[in-house]
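To be precise, the following lines are input_39.tsv, and they hold TSV, C-alpha atoms.
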chain	number	residue	atom	x	y	z
X	1	ASP	CA	0.00	0.00	0.00
X	2	ILE	CA	1.76	3.14	-1.23
X	3	GLY	CA	0.73	6.34	0.55
X	4	PHE	CA	0.58	9.95	-0.59
X	5	ASP	CA	4.16	10.64	0.54
X	6	GLU	CA	5.68	7.86	-1.56
X	7	ILE	CA	3.69	8.76	-4.67
X	8	PHE	CA	4.56	12.43	-4.21
X	9	LYS	CA	8.27	11.66	-3.84
X	10	ASN	CA	8.30	9.42	-6.92
X	11	MET	CA	6.44	11.92	-9.11
X	12	MET	CA	8.56	14.88	-7.97
X	13	ALA	CA	11.74	12.86	-8.44
X	14	ASP	CA	10.70	11.98	-12.00
X	15	TYR	CA	9.92	15.64	-12.67
X	16	PHE	CA	13.30	16.98	-11.46
X	17	LYS	CA	15.62	14.13	-12.61
X	18	PRO	CA	16.10	15.45	-16.17
X	19	PHE	CA	17.89	18.56	-14.86
X	20	ALA	CA	18.89	17.95	-11.22
X	21	LYS	CA	20.23	15.33	-8.86
X	22	VAL	CA	17.36	13.96	-6.76
X	23	ILE	CA	17.63	12.12	-3.46
X	24	THR	CA	14.45	10.80	-1.89
X	25	ASN	CA	14.30	9.98	1.80
X	26	TYR	CA	17.49	11.92	2.45
X	27	GLU	CA	18.89	10.74	5.80
X	28	ILE	CA	19.36	13.57	8.27
X	29	LEU	CA	22.42	13.20	10.48
X	30	ALA	CA	22.79	9.74	11.99
X	31	LEU	CA	19.23	9.73	13.24
X	32	PRO	CA	16.45	7.77	11.59
X	33	LYS	CA	15.12	11.08	10.24
X	34	THR	CA	14.59	11.62	6.55
X	35	THR	CA	13.25	14.55	4.60
X	36	ASP	CA	11.04	13.73	1.63
X	37	LEU	CA	13.25	15.14	-1.13
X	38	LEU	CA	16.59	16.80	-1.63
X	39	ILE	CA	16.88	18.35	-5.08
X	40	ILE	CA	20.47	19.25	-5.97
X	41	GLU	CA	21.20	21.52	-8.89
X	42	ALA	CA	23.10	19.73	-11.64
X	43	ASP	CA	24.76	21.34	-14.67
X	44	MET	CA	22.29	24.18	-15.20
X	45	PRO	CA	20.33	26.33	-12.75
X	46	ILE	CA	17.08	24.68	-11.67
X	47	SER	CA	15.31	28.03	-11.89
X	48	GLU	CA	15.72	27.94	-15.69
X	49	ASN	CA	13.63	24.75	-15.86
X	50	VAL	CA	10.72	25.67	-13.59
X	51	LYS	CA	8.12	28.39	-13.25
X	52	LEU	CA	6.91	27.74	-9.71
X	53	PHE	CA	10.17	26.94	-7.92
X	54	THR	CA	12.12	29.92	-9.31
X	55	TYR	CA	13.60	30.59	-5.86
X	56	PHE	CA	15.45	27.23	-5.86
X	57	LYS	CA	19.20	27.35	-5.35
X	58	LYS	CA	21.89	24.63	-5.37
X	59	PHE	CA	20.45	22.51	-2.48
X	60	ASN	CA	16.68	22.35	-2.10
X	61	ILE	CA	14.92	20.46	0.68
X	62	ILE	CA	11.25	19.59	0.14
X	63	GLU	CA	8.92	18.28	2.80
X	64	PHE	CA	5.45	17.18	1.64
X	65	LYS	CA	2.41	17.51	3.90
X	66	SER	CA	-0.70	15.77	2.58
X	67	ILE	CA	-4.31	15.66	3.66
X	68	VAL	CA	-3.49	12.47	5.58
X	69	ASP	CA	-0.34	13.95	7.18
X	70	PRO	CA	-1.03	17.68	7.68
X	71	PHE	CA	1.40	20.22	9.07
X	72	ARG	CA	1.43	20.23	12.88
X	73	ILE	CA	3.23	23.14	14.51
X	74	ASN	CA	4.59	21.38	17.61
X	75	ARG	CA	5.93	18.40	15.68
X	76	ASP	CA	6.94	19.87	12.35
X	77	LEU	CA	8.69	23.08	13.41
X	78	PHE	CA	11.32	20.97	15.19
X	79	LYS	CA	11.67	18.76	12.11
X	80	ILE	CA	12.30	21.77	9.86
X	81	GLY	CA	15.29	22.79	11.98
X	82	SER	CA	16.74	19.29	12.07
X	83	TYR	CA	16.29	18.80	8.32
X	84	ILE	CA	18.01	22.09	7.49
X	85	GLY	CA	20.83	21.43	9.95
X	86	GLY	CA	21.28	17.89	8.68
X	87	VAL	CA	21.60	18.88	5.03
X	88	LEU	CA	23.90	21.81	5.78
X	89	SER	CA	26.20	19.62	7.86
X	90	ARG	CA	26.21	16.53	5.61
X	91	GLU	CA	26.18	17.83	2.04
X	92	LYS	CA	29.54	19.02	0.77
X	93	GLY	CA	29.18	22.61	-0.40
X	94	ALA	CA	25.76	23.18	1.20
X	95	GLN	CA	25.55	26.54	2.95
X	96	ILE	CA	22.81	28.88	4.13
X	97	GLU	CA	23.38	31.05	1.05
X	98	ASN	CA	22.80	28.25	-1.47
X	99	ALA	CA	20.01	26.22	0.14
X	100	THR	CA	16.23	26.42	0.32
X	101	PHE	CA	13.56	24.70	2.38
X	102	THR	CA	10.06	24.20	0.99
X	103	ILE	CA	6.93	22.72	2.50
X	104	VAL	CA	4.62	21.54	-0.26
X	105	THR	CA	1.18	21.08	1.24
X	106	SER	CA	-2.22	19.99	0.01
X	107	LYS	CA	-4.01	22.46	2.25
X	108	LYS	CA	-3.04	25.87	3.58
X	109	PRO	CA	-1.34	25.50	7.02
X	110	LYS	CA	-3.47	28.24	8.61
X	111	LYS	CA	-2.10	27.84	12.15
X	112	LEU	CA	1.49	28.15	10.94
X	113	LEU	CA	0.73	31.20	8.80
X	114	LYS	CA	-1.19	32.80	11.68
X	115	LYS	CA	1.55	32.08	14.23
X	116	TYR	CA	4.17	33.80	12.03
X	117	GLN	CA	1.84	36.32	10.37
X	118	ASN	CA	4.28	39.19	10.93
X	119	ASN	CA	7.01	37.26	9.10
X	120	VAL	CA	4.88	35.82	6.26
X	121	GLN	CA	4.75	37.18	2.76
X	122	GLU	CA	2.81	35.76	-0.20
X	123	ILE	CA	5.35	36.00	-3.03
X	124	GLN	CA	2.99	34.65	-5.69
X	125	LYS	CA	-0.43	33.03	-5.68
X	126	GLY	CA	-0.21	30.00	-3.38
X	127	VAL	CA	3.49	30.49	-2.54
X	128	TYR	CA	4.49	32.00	0.80
X	129	ILE	CA	7.78	32.72	2.50
X	130	ILE	CA	8.34	32.85	6.26
X	131	ILE	CA	11.54	34.51	7.41
X	132	GLY	CA	13.04	34.40	10.87
X	133	PHE	CA	12.12	31.15	12.57
X	134	ALA	CA	14.63	28.81	10.92
X	135	LEU	CA	18.18	29.05	9.56
X	136	LEU	CA	16.69	29.37	6.07
X	137	PRO	CA	13.59	31.15	4.89
X	138	VAL	CA	10.80	28.58	4.73
X	139	TYR	CA	8.77	28.55	1.54
X	140	ILE	CA	5.28	27.12	1.60
X	141	VAL	CA	3.61	25.97	-1.61
X	142	VAL	CA	-0.12	25.46	-1.11
X	143	ILE	CA	-1.17	23.18	-3.95
X	144	GLU	CA	-4.88	24.05	-3.80
X	145	ASP	CA	-4.05	27.78	-4.17
X	146	ILE	CA	-1.44	27.85	-6.94
X	147	GLY	CA	-2.66	29.14	-10.26
X	148	LEU	CA	-2.89	27.21	-13.48
X	149	GLY	CA	-0.04	29.15	-15.13
X	150	TYR	CA	2.53	26.55	-14.10
X	151	GLU	CA	2.00	23.98	-16.86
X	152	LYS	CA	4.85	21.64	-15.88
X	153	GLU	CA	4.46	21.80	-12.11
X	154	ILE	CA	0.65	21.60	-12.15
X	155	LYS	CA	0.71	18.14	-13.73
X	156	VAL	CA	2.76	16.86	-10.81
X	157	LEU	CA	1.31	18.85	-7.92
X	158	LYS	CA	-2.42	19.16	-8.50
X	159	GLU	CA	-2.94	15.42	-8.01
X	160	PHE	CA	-2.01	15.98	-4.37
X	161	THR	CA	-4.47	18.72	-3.59
X	162	THR	CA	-7.73	18.41	-1.67
X	163	LYS	CA	-10.86	16.68	-2.91
X	164	LYS	CA	-12.80	19.57	-4.53
X	165	ASP	CA	-9.73	21.07	-6.22
X	166	ARG	CA	-8.42	17.66	-7.29
X	167	ASN	CA	-11.75	16.75	-8.89
X	168	ALA	CA	-11.79	20.02	-10.87
X	169	PHE	CA	-8.19	19.44	-11.95
X	170	LEU	CA	-8.85	15.86	-13.10
X	171	GLN	CA	-12.00	16.93	-14.98
X	172	GLY	CA	-9.92	19.58	-16.77
X	173	ILE	CA	-7.34	16.96	-17.77
X	174	VAL	CA	-10.08	14.67	-19.13
X	175	LYS	CA	-11.55	17.54	-21.19
X	176	LYS	CA	-8.12	18.52	-22.50
X	177	TYR	CA	-7.33	15.03	-23.77
X	178	LYS	CA	-10.80	14.00	-25.00

Hey, can you dump this file as structure tokens for me?
Amino acid sequence: DIGFDEIFKNMMADYFKPFAKVITNYEILALPKTTDLLIIEADMPISENVKLFTYFKKFNIIEFKSIVDPFRINRDLFKIGSYIGGVLSREKGAQIENATFTIVTSKKPKKLLKKYQNNVQEIQKGVYIIIGFALLPVYIVVIEDIGLGYEKEIKVLKEFTTKKDRNAFLQGIVKKYK
């Protein structure tokens, strides 16, 4: 039985592999902690191959939060710090200046955005940045809120949104290919 996390990791890995090094279940330190994805820039800048993740740098940590595993402040804020610290300490060449951390989530993490409302900025529709609570700015991509202008990313991400939005997305795909 493959869950949302595994499907998400496999689809995102397939999406990024043509132009970046992809590590799924990246082991953090010597603990049994793994982040969902680590996307490492290969020969060309990742930002030249994407529309949504234009803020990506050399080392890009992605943590996926689905409708079955939503973001929980008490548990997940600690994990963000350990994931960032683990990648920065283990990956040769990884530094604060060339790394990003992104939470891709099916639903908007309202409690998180409210808790850090003074440090949150929506940088584009469905994409937020929170500065000041971790070593790196934390980007949040809310799948149900991103616009349809991201042709490549939409195909991968919209399958992981919530029920109403997912149904509309799948109906649009069926109409497009009828």

> With distances taken over all atoms listed in the file, which of X:Ser82, X:Asn119, X:Asn25, X:Thr100 is nearest to Ile40 of chain X?
Replying inline: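 Among the listed residues, X:Thr100 lies closest to Ile40 of chain X.
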
>> I need the residue nearest Lys114 of chain X from this list: X:Leu88, X:Ala42, X:Ile73, X:Met12. Use all atoms listed in the file for the distance.
In response: X:Ile73

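Non-sequential neighbours of Lys57 of chain X (distance at most 9 Å, separation of 2 or more positions within a chain, all atoms listed in the file) are Ile40, Glu41, Pro45, Ile46, Ser47, Thr54, Tyr55, Phe59, Asn60, Glu97, Asn98, Ala99 and Thr100 of chain X.
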
>> Using all atoms listed in the file, can you tell me which of X:Ile146, X:Ile80, X:Ile7, X:Ile140 comes closest to Val120 of chain X?
In response: X:Ile140

> Hey, what's within 8 Å of Val141 of chain X if we count only C-alpha atoms and toss same-chain stuff fewer than 6 positions away? As a ChimeraX atom specification, please?
Replying inline: /X:102-105,126-128

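Closest approach to Asp69 of chain X among X:Asp14, X:Asp5, X:Glu48, X:Glu27: X:Asp5, based on only C-alpha atoms.
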
> atom CA of Arg72 of chain X and atom CA of Lys111 of chain X, how far apart in Å?
Replying inline: 8.4 Å

> Skipping near chain neighbours, those fewer than 2 positions away, what residues fall within 10 Å of Ser66 of chain X using only C-alpha atoms, listed as number ranges by chain?
Replying inline: X: 3-5, 8, 63-64, 68-71, 104-107, 143, 160-162

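Between Glu91 of chain X and the candidates X:Ile131, X:Leu112, X:Ile23, X:Ile123, the tightest atom-to-atom separation, counting only C-alpha atoms, involves X:Ile23.
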
> Rounded to one decimal in Å, what is the spacing between atom CA of Gly147 of chain X and atom CA of Ile84 of chain X?
Replying inline: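 Separating atom CA of Gly147 of chain X from atom CA of Ile84 of chain X is a distance of 28.1 Å.
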
> Could you state the separation of atom CA of Leu135 of chain X and atom CA of Gly85 of chain X in Å, given to one decimal place?
Replying inline: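 Separating atom CA of Leu135 of chain X from atom CA of Gly85 of chain X is a distance of 8.1 Å.
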
>> Which residues are close to Gly81 of chain X, i.e. within 10 Å by all atoms listed in the file, leaving aside same-chain residues fewer than 2 positions away? Reply as a PyMOL selection string.
In response: chain X and resi 76-79+83-86+101+133-136
